Amino acid sequence: MSTGRDAPLQVVRFVGTRAGDPDRGPLVRINANEAAQRLLLDGELVYVEGPRRRELATLVIDDTIRRGEAHVRDIAGLVLTDIIRVRRPEFDRGPTVRGLPA
C-alpha cells in the first residue's frame with residue numbers, strides 16, 4: 001500500500017456544474033492532514049490523477065472531509081468511488097519526452 005505523498009484517495013462526492021453557476025471549474029477538496037502529507041497548500045494548483053486521465057485542479061483544504069476521501073468538482077473522467085492521487089505539478093523540471101526527464 002502506498003503511503004506519504006503517493007497515498008490514494010477515494011472520490012466520495014462529485015459535483016458537476018452548469019454554465020450559469022457562479023462557482024465553476026476543476027476543484028478537489030481534501031483533509032488538512034492529507035494535504036500536509038503531500039506538502040500541499042490551500043489554493044494550490046495540483047494534478048488529480050484518476051484511472052482514465054490526469055487533470056489540473058485547484059486544491060481546497062477542508063477539515064470536514066475524512067482522511068482518505070476526496071470531494072471533486074468538474075474533473076472530467078472521474079466518477080464516484082474512483083481511486084485518485086493528488087500530486088503537485090513539477091513545472092520547474094522542464095519538458096519531458098515520453099515521461100523521461102529532459
# chains A, B, ... in the order shown; residues from 1 in each chain; ligands from 1

call {"tool": "select_by_dssp", "arguments": {"residues": "segment 15-90 of chain A", "states": "strand (DSSP E)", "output": "ChimeraX atom specification"}}
result
/A:15,27-30,45-49,54-61,69-73,83-87

call {"tool": "residues_around", "arguments": {"residues": "Glu34 of chain A", "least_positions_apart": "2", "cutoff": "12 Å", "atoms": "only C-alpha atoms", "output": "PyMOL selection string"}}
result
chain A and resi 3-9+29-32+36-42+59-63+65-70+85-87

call {"tool": "residues_around", "arguments": {"residues": "Ala76 of chain A", "least_positions_apart": "6", "cutoff": "9 Å", "atoms": "only C-alpha atoms", "output": "mmCIF file with N, CA and C atoms, in the first residue's frame"}}
result
data_model
loop_
_atom_site.group_PDB
_atom_site.id
_atom_site.type_symbol
_atom_site.label_atom_id
_atom_site.label_comp_id
_atom_site.auth_asym_id
_atom_site.auth_seq_id
_atom_site.Cartn_x
_atom_site.Cartn_y
_atom_site.Cartn_z
ATOM 1 N N PRO A 26 -12.473 23.031 -12.316
ATOM 2 C CA PRO A 26 -11.949 21.867 -11.615
ATOM 3 C C PRO A 26 -11.450 22.217 -10.216
ATOM 4 N N ARG A 53 -7.486 9.464 -16.696
ATOM 5 C CA ARG A 53 -6.757 10.650 -17.161
ATOM 6 C C ARG A 53 -6.219 11.450 -16.001
ATOM 7 N N ARG A 54 -5.472 12.508 -16.331
ATOM 8 C CA ARG A 54 -4.887 13.405 -15.324
ATOM 9 C C ARG A 54 -5.315 14.825 -15.661
ATOM 10 N N GLU A 55 -5.810 15.547 -14.647
ATOM 11 C CA GLU A 55 -6.310 16.915 -14.839
ATOM 12 C C GLU A 55 -5.694 17.852 -13.798
#

call {"tool": "closest_residue", "arguments": {"among": "A:Asp74, A:Asp82, A:Asp21, A:Asp92", "to": "Glu49 of chain A", "atoms": "only C-alpha atoms"}}
result
A:Asp82

call {"tool": "select_by_dssp", "arguments": {"residues": "chain A", "states": "alpha helix (DSSP H)", "output": "PyMOL selection string"}}
result
chain A and resi 32-37
